[in-house]
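Contents: one structure, followed by commentary.
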Amino acid sequence: MPTVFFTNQLARFIDAPTVTVSGSTLAKALENVFADHPQLKGYILDDQGAIRRHVAVFVDGVQARDRDKLSDAVTEESEIHIFQALSGG
């Protein structure tokens, strides 16, 4: 099953910095993450279900190509990394 890795800023919402979920696309994998951790959804996706502007998602080391429909393919061995940009001074 794909493994989803979160930065420390996002991992604070879950018990560990990674979760393992099922799914053959990025959309399905994230849907399964949000089923157990609904508080993450608003940080990662906008109200249209697209990846937020200041969030980067990588599947197997390649930045997600489909930021709107999340149709990027995911395999059983895939690693999904989610990074949230931080700002401040």
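Order determines the names: the first chain of the structure tokens is A, the second B, and so forth; residues in each chain are numbered 1 upward, and ligands are numbered 1 upward as they are shown.
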Determine, counting only C-alpha atoms, which protein, DNA and RNA residues have an atom within 10 Å of an atom of Ala85 in chain A; residues of the same chain fewer than 6 positions away are not included. Present the result as a compact mmCIF listing (two decimals) with C-alpha atoms, in the first residue's frame.
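Result went into result.txt, see below:
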```
# COMPACT_ATOMS: atom_id res chain seq x y z
CA THR A 7 6.14 17.42 7.14
CA GLN A 9 3.73 20.93 10.46
CA ARG A 53 -1.35 26.71 -4.05
CA HIS A 54 1.31 26.58 -1.32
CA VAL A 55 1.34 22.80 -0.95
CA ALA A 56 3.67 20.53 -2.90
```
Can you pull out the residues contacting His81 in chain A? Cut-off 9 Å, using only C-alpha atoms, and skip same-chain residues under 4 positions away; I want them as a PyMOL selection string.
chain A and resi 3-7+56-61
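From CA of Ser71 in chain A back to CA of Asp15 in chain A, the distance works out to 27.1 Å.
For chain A, the set of residues given alpha helix (DSSP H) by DSSP on the backbone reads Asn8, Gln9, Leu10, Ala11, Leu26, Ala27, Lys28, Ala29, Leu30, Glu31, Asn32, Val33, Phe34, Ala35, Asp36, Lys41, Gly42, Tyr43 and Ile44 of chain A.
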Dump of N, CA, C and O atoms for the selected residues, as a short mmCIF file (atom, residue, chain, number, x, y, z; two decimals), in the first residue's frame:
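Listing of again-v8.cif after writing:
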```cif
data_model
loop_
_atom_site.label_atom_id
_atom_site.label_comp_id
_atom_site.auth_asym_id
_atom_site.auth_seq_id
_atom_site.Cartn_x
_atom_site.Cartn_y
_atom_site.Cartn_z
N ASN A 8 6.59 18.01 9.45
CA ASN A 8 6.26 18.14 10.88
C ASN A 8 5.04 19.01 11.11
O ASN A 8 4.26 18.75 12.02
N GLN A 9 4.86 20.04 10.29
CA GLN A 9 3.73 20.93 10.46
C GLN A 9 2.40 20.19 10.28
O GLN A 9 1.42 20.49 10.94
N LEU A 10 2.36 19.24 9.36
CA LEU A 10 1.14 18.48 9.11
C LEU A 10 1.06 17.22 9.97
O LEU A 10 -0.02 16.80 10.36
N ALA A 11 2.20 16.63 10.28
CA ALA A 11 2.22 15.39 11.08
C ALA A 11 1.67 15.60 12.48
O ALA A 11 1.27 14.64 13.13
N LEU A 26 -3.67 9.28 -6.73
CA LEU A 26 -3.42 10.21 -5.64
C LEU A 26 -4.72 10.59 -4.96
O LEU A 26 -4.80 10.66 -3.73
N ALA A 27 -5.79 10.79 -5.73
CA ALA A 27 -7.09 11.15 -5.16
C ALA A 27 -7.58 10.08 -4.20
O ALA A 27 -8.04 10.39 -3.09
N LYS A 28 -7.50 8.82 -4.59
CA LYS A 28 -7.99 7.73 -3.74
C LYS A 28 -7.13 7.59 -2.49
O LYS A 28 -7.65 7.38 -1.39
N ALA A 29 -5.82 7.73 -2.63
CA ALA A 29 -4.93 7.61 -1.48
C ALA A 29 -5.23 8.73 -0.47
O ALA A 29 -5.35 8.48 0.73
N LEU A 30 -5.37 9.96 -0.97
CA LEU A 30 -5.66 11.08 -0.07
C LEU A 30 -7.05 10.95 0.54
O LEU A 30 -7.24 11.27 1.72
N GLU A 31 -8.00 10.45 -0.22
CA GLU A 31 -9.34 10.23 0.32
C GLU A 31 -9.28 9.29 1.53
O GLU A 31 -9.95 9.51 2.53
N ASN A 32 -8.44 8.27 1.43
CA ASN A 32 -8.29 7.32 2.54
C ASN A 32 -7.55 7.94 3.72
O ASN A 32 -7.86 7.63 4.87
N VAL A 33 -6.61 8.82 3.44
CA VAL A 33 -5.94 9.55 4.54
C VAL A 33 -6.97 10.41 5.26
O VAL A 33 -7.06 10.39 6.49
N PHE A 34 -7.76 11.16 4.50
CA PHE A 34 -8.73 12.08 5.10
C PHE A 34 -9.85 11.35 5.83
O PHE A 34 -10.46 11.91 6.74
N ALA A 35 -10.13 10.11 5.45
CA ALA A 35 -11.16 9.34 6.16
C ALA A 35 -10.78 9.14 7.61
O ALA A 35 -11.63 9.20 8.50
N ASP A 36 -9.48 8.93 7.87
CA ASP A 36 -8.99 8.74 9.24
C ASP A 36 -8.52 10.03 9.89
O ASP A 36 -8.43 10.10 11.12
N LYS A 41 -7.43 17.64 5.63
CA LYS A 41 -7.95 17.97 4.29
C LYS A 41 -7.88 19.46 3.98
O LYS A 41 -7.42 19.85 2.91
N GLY A 42 -8.31 20.30 4.89
CA GLY A 42 -8.31 21.74 4.65
C GLY A 42 -6.92 22.35 4.52
O GLY A 42 -6.77 23.41 3.93
N TYR A 43 -5.92 21.68 5.05
CA TYR A 43 -4.55 22.16 4.92
C TYR A 43 -3.94 21.77 3.57
O TYR A 43 -3.04 22.44 3.09
N ILE A 44 -4.43 20.67 2.99
CA ILE A 44 -3.83 20.14 1.78
C ILE A 44 -4.64 20.50 0.53
O ILE A 44 -4.08 20.86 -0.50
#
```
Do a neighbour search on Ala50 in chain A at 8 Å with only C-alpha atoms, toss out local chain neighbours closer than 3 positions, and write the hits as an MDAnalysis selection string.
chainID A and resid 45:47 67:70
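Interatomic distance, CA of Glu76 in chain A to CA of Gly23 in chain A: 8.0 Å.
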Write down as a PDB file with all heavy atoms, in the first residue's frame the residues belonging to chain A that are assigned strand (DSSP E) by DSSP computed on the backbone.
```
ATOM      1  N   THR A   3       2.617   4.708   0.895  1.00  0.00           N
ATOM      2  CA  THR A   3       2.937   5.365   2.156  1.00  0.00           C
ATOM      3  C   THR A   3       2.926   6.869   1.927  1.00  0.00           C
ATOM      4  O   THR A   3       3.515   7.355   0.964  1.00  0.00           O
ATOM      5  CB  THR A   3       4.318   4.925   2.677  1.00  0.00           C
ATOM      6  OG1 THR A   3       4.318   3.501   2.807  1.00  0.00           O
ATOM      7  CG2 THR A   3       4.630   5.564   4.017  1.00  0.00           C
ATOM      8  N   VAL A   4       2.242   7.585   2.807  1.00  0.00           N
ATOM      9  CA  VAL A   4       2.141   9.043   2.707  1.00  0.00           C
ATOM     10  C   VAL A   4       2.983   9.643   3.823  1.00  0.00           C
ATOM     11  O   VAL A   4       2.814   9.298   4.995  1.00  0.00           O
ATOM     12  CB  VAL A   4       0.676   9.514   2.815  1.00  0.00           C
ATOM     13  CG1 VAL A   4       0.589  11.014   2.611  1.00  0.00           C
ATOM     14  CG2 VAL A   4      -0.208   8.779   1.814  1.00  0.00           C
ATOM     15  N   PHE A   5       3.908  10.528   3.447  1.00  0.00           N
ATOM     16  CA  PHE A   5       4.807  11.185   4.383  1.00  0.00           C
ATOM     17  C   PHE A   5       4.383  12.640   4.534  1.00  0.00           C
ATOM     18  O   PHE A   5       4.094  13.311   3.536  1.00  0.00           O
ATOM     19  CB  PHE A   5       6.247  11.157   3.852  1.00  0.00           C
ATOM     20  CG  PHE A   5       6.820   9.780   3.719  1.00  0.00           C
ATOM     21  CD1 PHE A   5       6.511   8.982   2.625  1.00  0.00           C
ATOM     22  CD2 PHE A   5       7.669   9.280   4.691  1.00  0.00           C
ATOM     23  CE1 PHE A   5       7.037   7.713   2.499  1.00  0.00           C
ATOM     24  CE2 PHE A   5       8.204   8.016   4.562  1.00  0.00           C
ATOM     25  CZ  PHE A   5       7.893   7.224   3.471  1.00  0.00           C
ATOM     26  N   PHE A   6       4.375  13.131   5.759  1.00  0.00           N
ATOM     27  CA  PHE A   6       3.976  14.510   6.042  1.00  0.00           C
ATOM     28  C   PHE A   6       5.121  15.269   6.694  1.00  0.00           C
ATOM     29  O   PHE A   6       5.903  14.701   7.449  1.00  0.00           O
ATOM     30  CB  PHE A   6       2.778  14.528   7.001  1.00  0.00           C
ATOM     31  CG  PHE A   6       1.559  13.869   6.453  1.00  0.00           C
ATOM     32  CD1 PHE A   6       1.279  12.549   6.741  1.00  0.00           C
ATOM     33  CD2 PHE A   6       0.686  14.562   5.630  1.00  0.00           C
ATOM     34  CE1 PHE A   6       0.152  11.931   6.227  1.00  0.00           C
ATOM     35  CE2 PHE A   6      -0.445  13.951   5.113  1.00  0.00           C
ATOM     36  CZ  PHE A   6      -0.706  12.626   5.420  1.00  0.00           C
ATOM     37  N   THR A  18       4.016   9.379   9.099  1.00  0.00           N
ATOM     38  CA  THR A  18       3.630   8.642   7.896  1.00  0.00           C
ATOM     39  C   THR A  18       2.363   7.835   8.154  1.00  0.00           C
ATOM     40  O   THR A  18       2.067   7.476   9.289  1.00  0.00           O
ATOM     41  CB  THR A  18       4.735   7.660   7.442  1.00  0.00           C
ATOM     42  OG1 THR A  18       4.918   6.670   8.449  1.00  0.00           O
ATOM     43  CG2 THR A  18       6.038   8.371   7.174  1.00  0.00           C
ATOM     44  N   VAL A  19       1.644   7.575   7.084  1.00  0.00           N
ATOM     45  CA  VAL A  19       0.504   6.660   7.133  1.00  0.00           C
ATOM     46  C   VAL A  19       0.542   5.799   5.881  1.00  0.00           C
ATOM     47  O   VAL A  19       1.039   6.220   4.839  1.00  0.00           O
ATOM     48  CB  VAL A  19      -0.857   7.381   7.237  1.00  0.00           C
ATOM     49  CG1 VAL A  19      -0.992   8.123   8.540  1.00  0.00           C
ATOM     50  CG2 VAL A  19      -1.076   8.323   6.080  1.00  0.00           C
ATOM     51  N   THR A  20       0.027   4.604   5.992  1.00  0.00           N
ATOM     52  CA  THR A  20      -0.077   3.694   4.861  1.00  0.00           C
ATOM     53  C   THR A  20      -1.547   3.550   4.520  1.00  0.00           C
ATOM     54  O   THR A  20      -2.372   3.306   5.404  1.00  0.00           O
ATOM     55  CB  THR A  20       0.539   2.330   5.216  1.00  0.00           C
ATOM     56  OG1 THR A  20       1.895   2.532   5.611  1.00  0.00           O
ATOM     57  CG2 THR A  20       0.504   1.390   4.033  1.00  0.00           C
ATOM     58  N   VAL A  55       1.065  24.174  -1.349  1.00  0.00           N
ATOM     59  CA  VAL A  55       1.342  22.795  -0.948  1.00  0.00           C
ATOM     60  C   VAL A  55       1.973  22.083  -2.140  1.00  0.00           C
ATOM     61  O   VAL A  55       1.524  22.232  -3.276  1.00  0.00           O
ATOM     62  CB  VAL A  55       0.051  22.071  -0.511  1.00  0.00           C
ATOM     63  CG1 VAL A  55       0.307  20.586  -0.258  1.00  0.00           C
ATOM     64  CG2 VAL A  55      -0.526  22.724   0.736  1.00  0.00           C
ATOM     65  N   ALA A  56       3.022  21.330  -1.872  1.00  0.00           N
ATOM     66  CA  ALA A  56       3.669  20.531  -2.902  1.00  0.00           C
ATOM     67  C   ALA A  56       3.473  19.059  -2.561  1.00  0.00           C
ATOM     68  O   ALA A  56       3.686  18.651  -1.423  1.00  0.00           O
ATOM     69  CB  ALA A  56       5.152  20.856  -2.997  1.00  0.00           C
ATOM     70  N   VAL A  57       3.051  18.288  -3.553  1.00  0.00           N
ATOM     71  CA  VAL A  57       2.850  16.858  -3.375  1.00  0.00           C
ATOM     72  C   VAL A  57       3.704  16.139  -4.414  1.00  0.00           C
ATOM     73  O   VAL A  57       3.665  16.462  -5.605  1.00  0.00           O
ATOM     74  CB  VAL A  57       1.363  16.472  -3.545  1.00  0.00           C
ATOM     75  CG1 VAL A  57       1.186  14.973  -3.428  1.00  0.00           C
ATOM     76  CG2 VAL A  57       0.507  17.206  -2.521  1.00  0.00           C
ATOM     77  N   PHE A  58       4.478  15.168  -3.948  1.00  0.00           N
ATOM     78  CA  PHE A  58       5.335  14.377  -4.819  1.00  0.00           C
ATOM     79  C   PHE A  58       4.924  12.912  -4.729  1.00  0.00           C
ATOM     80  O   PHE A  58       4.705  12.396  -3.632  1.00  0.00           O
ATOM     81  CB  PHE A  58       6.802  14.510  -4.402  1.00  0.00           C
ATOM     82  CG  PHE A  58       7.376  15.872  -4.671  1.00  0.00           C
ATOM     83  CD1 PHE A  58       7.161  16.919  -3.792  1.00  0.00           C
ATOM     84  CD2 PHE A  58       8.129  16.101  -5.814  1.00  0.00           C
ATOM     85  CE1 PHE A  58       7.681  18.180  -4.033  1.00  0.00           C
ATOM     86  CE2 PHE A  58       8.657  17.361  -6.069  1.00  0.00           C
ATOM     87  CZ  PHE A  58       8.430  18.405  -5.176  1.00  0.00           C
ATOM     88  N   VAL A  59       4.841  12.264  -5.879  1.00  0.00           N
ATOM     89  CA  VAL A  59       4.573  10.830  -5.940  1.00  0.00           C
ATOM     90  C   VAL A  59       5.809  10.176  -6.525  1.00  0.00           C
ATOM     91  O   VAL A  59       6.196  10.462  -7.659  1.00  0.00           O
ATOM     92  CB  VAL A  59       3.338  10.515  -6.813  1.00  0.00           C
ATOM     93  CG1 VAL A  59       3.134   9.013  -6.910  1.00  0.00           C
ATOM     94  CG2 VAL A  59       2.100  11.202  -6.259  1.00  0.00           C
ATOM     95  N   VAL A  62       8.379  12.596  -7.988  1.00  0.00           N
ATOM     96  CA  VAL A  62       7.960  13.482  -9.077  1.00  0.00           C
ATOM     97  C   VAL A  62       6.780  14.311  -8.593  1.00  0.00           C
ATOM     98  O   VAL A  62       5.816  13.779  -8.045  1.00  0.00           O
ATOM     99  CB  VAL A  62       7.555  12.667 -10.331  1.00  0.00           C
ATOM    100  CG1 VAL A  62       7.053  13.579 -11.433  1.00  0.00           C
ATOM    101  CG2 VAL A  62       8.715  11.816 -10.809  1.00  0.00           C
ATOM    102  N   GLN A  63       6.862  15.632  -8.806  1.00  0.00           N
ATOM    103  CA  GLN A  63       5.770  16.495  -8.365  1.00  0.00           C
ATOM    104  C   GLN A  63       4.472  16.104  -9.059  1.00  0.00           C
ATOM    105  O   GLN A  63       4.463  15.802 -10.251  1.00  0.00           O
ATOM    106  CB  GLN A  63       6.091  17.956  -8.629  1.00  0.00           C
ATOM    107  CG  GLN A  63       5.113  18.891  -7.938  1.00  0.00           C
ATOM    108  CD  GLN A  63       5.642  20.309  -7.828  1.00  0.00           C
ATOM    109  OE1 GLN A  63       6.651  20.660  -8.413  1.00  0.00           O
ATOM    110  NE2 GLN A  63       4.952  21.111  -7.057  1.00  0.00           N
ATOM    111  N   GLU A  79       5.576   6.128  -2.730  1.00  0.00           N
ATOM    112  CA  GLU A  79       5.781   7.046  -1.612  1.00  0.00           C
ATOM    113  C   GLU A  79       5.225   8.399  -2.029  1.00  0.00           C
ATOM    114  O   GLU A  79       5.604   8.933  -3.075  1.00  0.00           O
ATOM    115  CB  GLU A  79       7.254   7.169  -1.256  1.00  0.00           C
ATOM    116  CG  GLU A  79       7.832   5.910  -0.670  1.00  0.00           C
ATOM    117  CD  GLU A  79       9.258   6.089  -0.170  1.00  0.00           C
ATOM    118  OE1 GLU A  79       9.859   7.169  -0.383  1.00  0.00           O
ATOM    119  OE2 GLU A  79       9.771   5.154   0.437  1.00  0.00           O
ATOM    120  N   ILE A  80       4.326   8.928  -1.210  1.00  0.00           N
ATOM    121  CA  ILE A  80       3.709  10.220  -1.464  1.00  0.00           C
ATOM    122  C   ILE A  80       4.200  11.172  -0.383  1.00  0.00           C
ATOM    123  O   ILE A  80       4.016  10.904   0.811  1.00  0.00           O
ATOM    124  CB  ILE A  80       2.175  10.119  -1.414  1.00  0.00           C
ATOM    125  CG1 ILE A  80       1.674   9.118  -2.464  1.00  0.00           C
ATOM    126  CG2 ILE A  80       1.540  11.497  -1.614  1.00  0.00           C
ATOM    127  CD1 ILE A  80       0.222   8.711  -2.267  1.00  0.00           C
ATOM    128  N   HIS A  81       4.866  12.242  -0.795  1.00  0.00           N
ATOM    129  CA  HIS A  81       5.390  13.234   0.159  1.00  0.00           C
ATOM    130  C   HIS A  81       4.580  14.519   0.029  1.00  0.00           C
ATOM    131  O   HIS A  81       4.398  15.023  -1.087  1.00  0.00           O
ATOM    132  CB  HIS A  81       6.864  13.505  -0.103  1.00  0.00           C
ATOM    133  CG  HIS A  81       7.752  12.344   0.215  1.00  0.00           C
ATOM    134  ND1 HIS A  81       8.415  12.244   1.403  1.00  0.00           N
ATOM    135  CD2 HIS A  81       8.031  11.226  -0.484  1.00  0.00           C
ATOM    136  CE1 HIS A  81       9.092  11.112   1.412  1.00  0.00           C
ATOM    137  NE2 HIS A  81       8.881  10.467   0.281  1.00  0.00           N
ATOM    138  N   ILE A  82       4.122  15.044   1.164  1.00  0.00           N
ATOM    139  CA  ILE A  82       3.320  16.262   1.163  1.00  0.00           C
ATOM    140  C   ILE A  82       4.062  17.329   1.958  1.00  0.00           C
ATOM    141  O   ILE A  82       4.380  17.121   3.130  1.00  0.00           O
ATOM    142  CB  ILE A  82       1.925  16.000   1.749  1.00  0.00           C
ATOM    143  CG1 ILE A  82       1.217  14.927   0.918  1.00  0.00           C
ATOM    144  CG2 ILE A  82       1.119  17.288   1.795  1.00  0.00           C
ATOM    145  CD1 ILE A  82      -0.126  14.504   1.452  1.00  0.00           C
ATOM    146  N   PHE A  83       4.323  18.440   1.291  1.00  0.00           N
ATOM    147  CA  PHE A  83       5.042  19.553   1.887  1.00  0.00           C
ATOM    148  C   PHE A  83       4.148  20.788   1.897  1.00  0.00           C
ATOM    149  O   PHE A  83       3.508  21.102   0.893  1.00  0.00           O
ATOM    150  CB  PHE A  83       6.308  19.886   1.085  1.00  0.00           C
ATOM    151  CG  PHE A  83       7.264  18.741   0.973  1.00  0.00           C
ATOM    152  CD1 PHE A  83       7.223  17.916  -0.131  1.00  0.00           C
ATOM    153  CD2 PHE A  83       8.181  18.490   1.978  1.00  0.00           C
ATOM    154  CE1 PHE A  83       8.112  16.849  -0.244  1.00  0.00           C
ATOM    155  CE2 PHE A  83       9.073  17.434   1.876  1.00  0.00           C
ATOM    156  CZ  PHE A  83       9.034  16.612   0.767  1.00  0.00           C
ATOM    157  N   GLN A  84       4.132  21.483   3.003  1.00  0.00           N
ATOM    158  CA  GLN A  84       3.370  22.714   3.117  1.00  0.00           C
ATOM    159  C   GLN A  84       4.352  23.861   3.260  1.00  0.00           C
ATOM    160  O   GLN A  84       5.207  23.838   4.142  1.00  0.00           O
ATOM    161  CB  GLN A  84       2.434  22.644   4.332  1.00  0.00           C
ATOM    162  CG  GLN A  84       1.516  23.808   4.449  1.00  0.00           C
ATOM    163  CD  GLN A  84       0.620  23.664   5.667  1.00  0.00           C
ATOM    164  OE1 GLN A  84       1.007  23.092   6.667  1.00  0.00           O
ATOM    165  NE2 GLN A  84      -0.582  24.198   5.582  1.00  0.00           N
TER     166      GLN A  84
END
```
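With distances restricted to only C-alpha atoms, A:Thr25 is the closest residue to Ala64 in chain A from A:Thr25, A:Glu77, A:Pro2, A:Ile14.
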Between A:Val74, A:Leu40, A:Ile51, A:Ala16, which one has atoms that come closest to Met1 in chain A, using only C-alpha atoms?
A:Val74
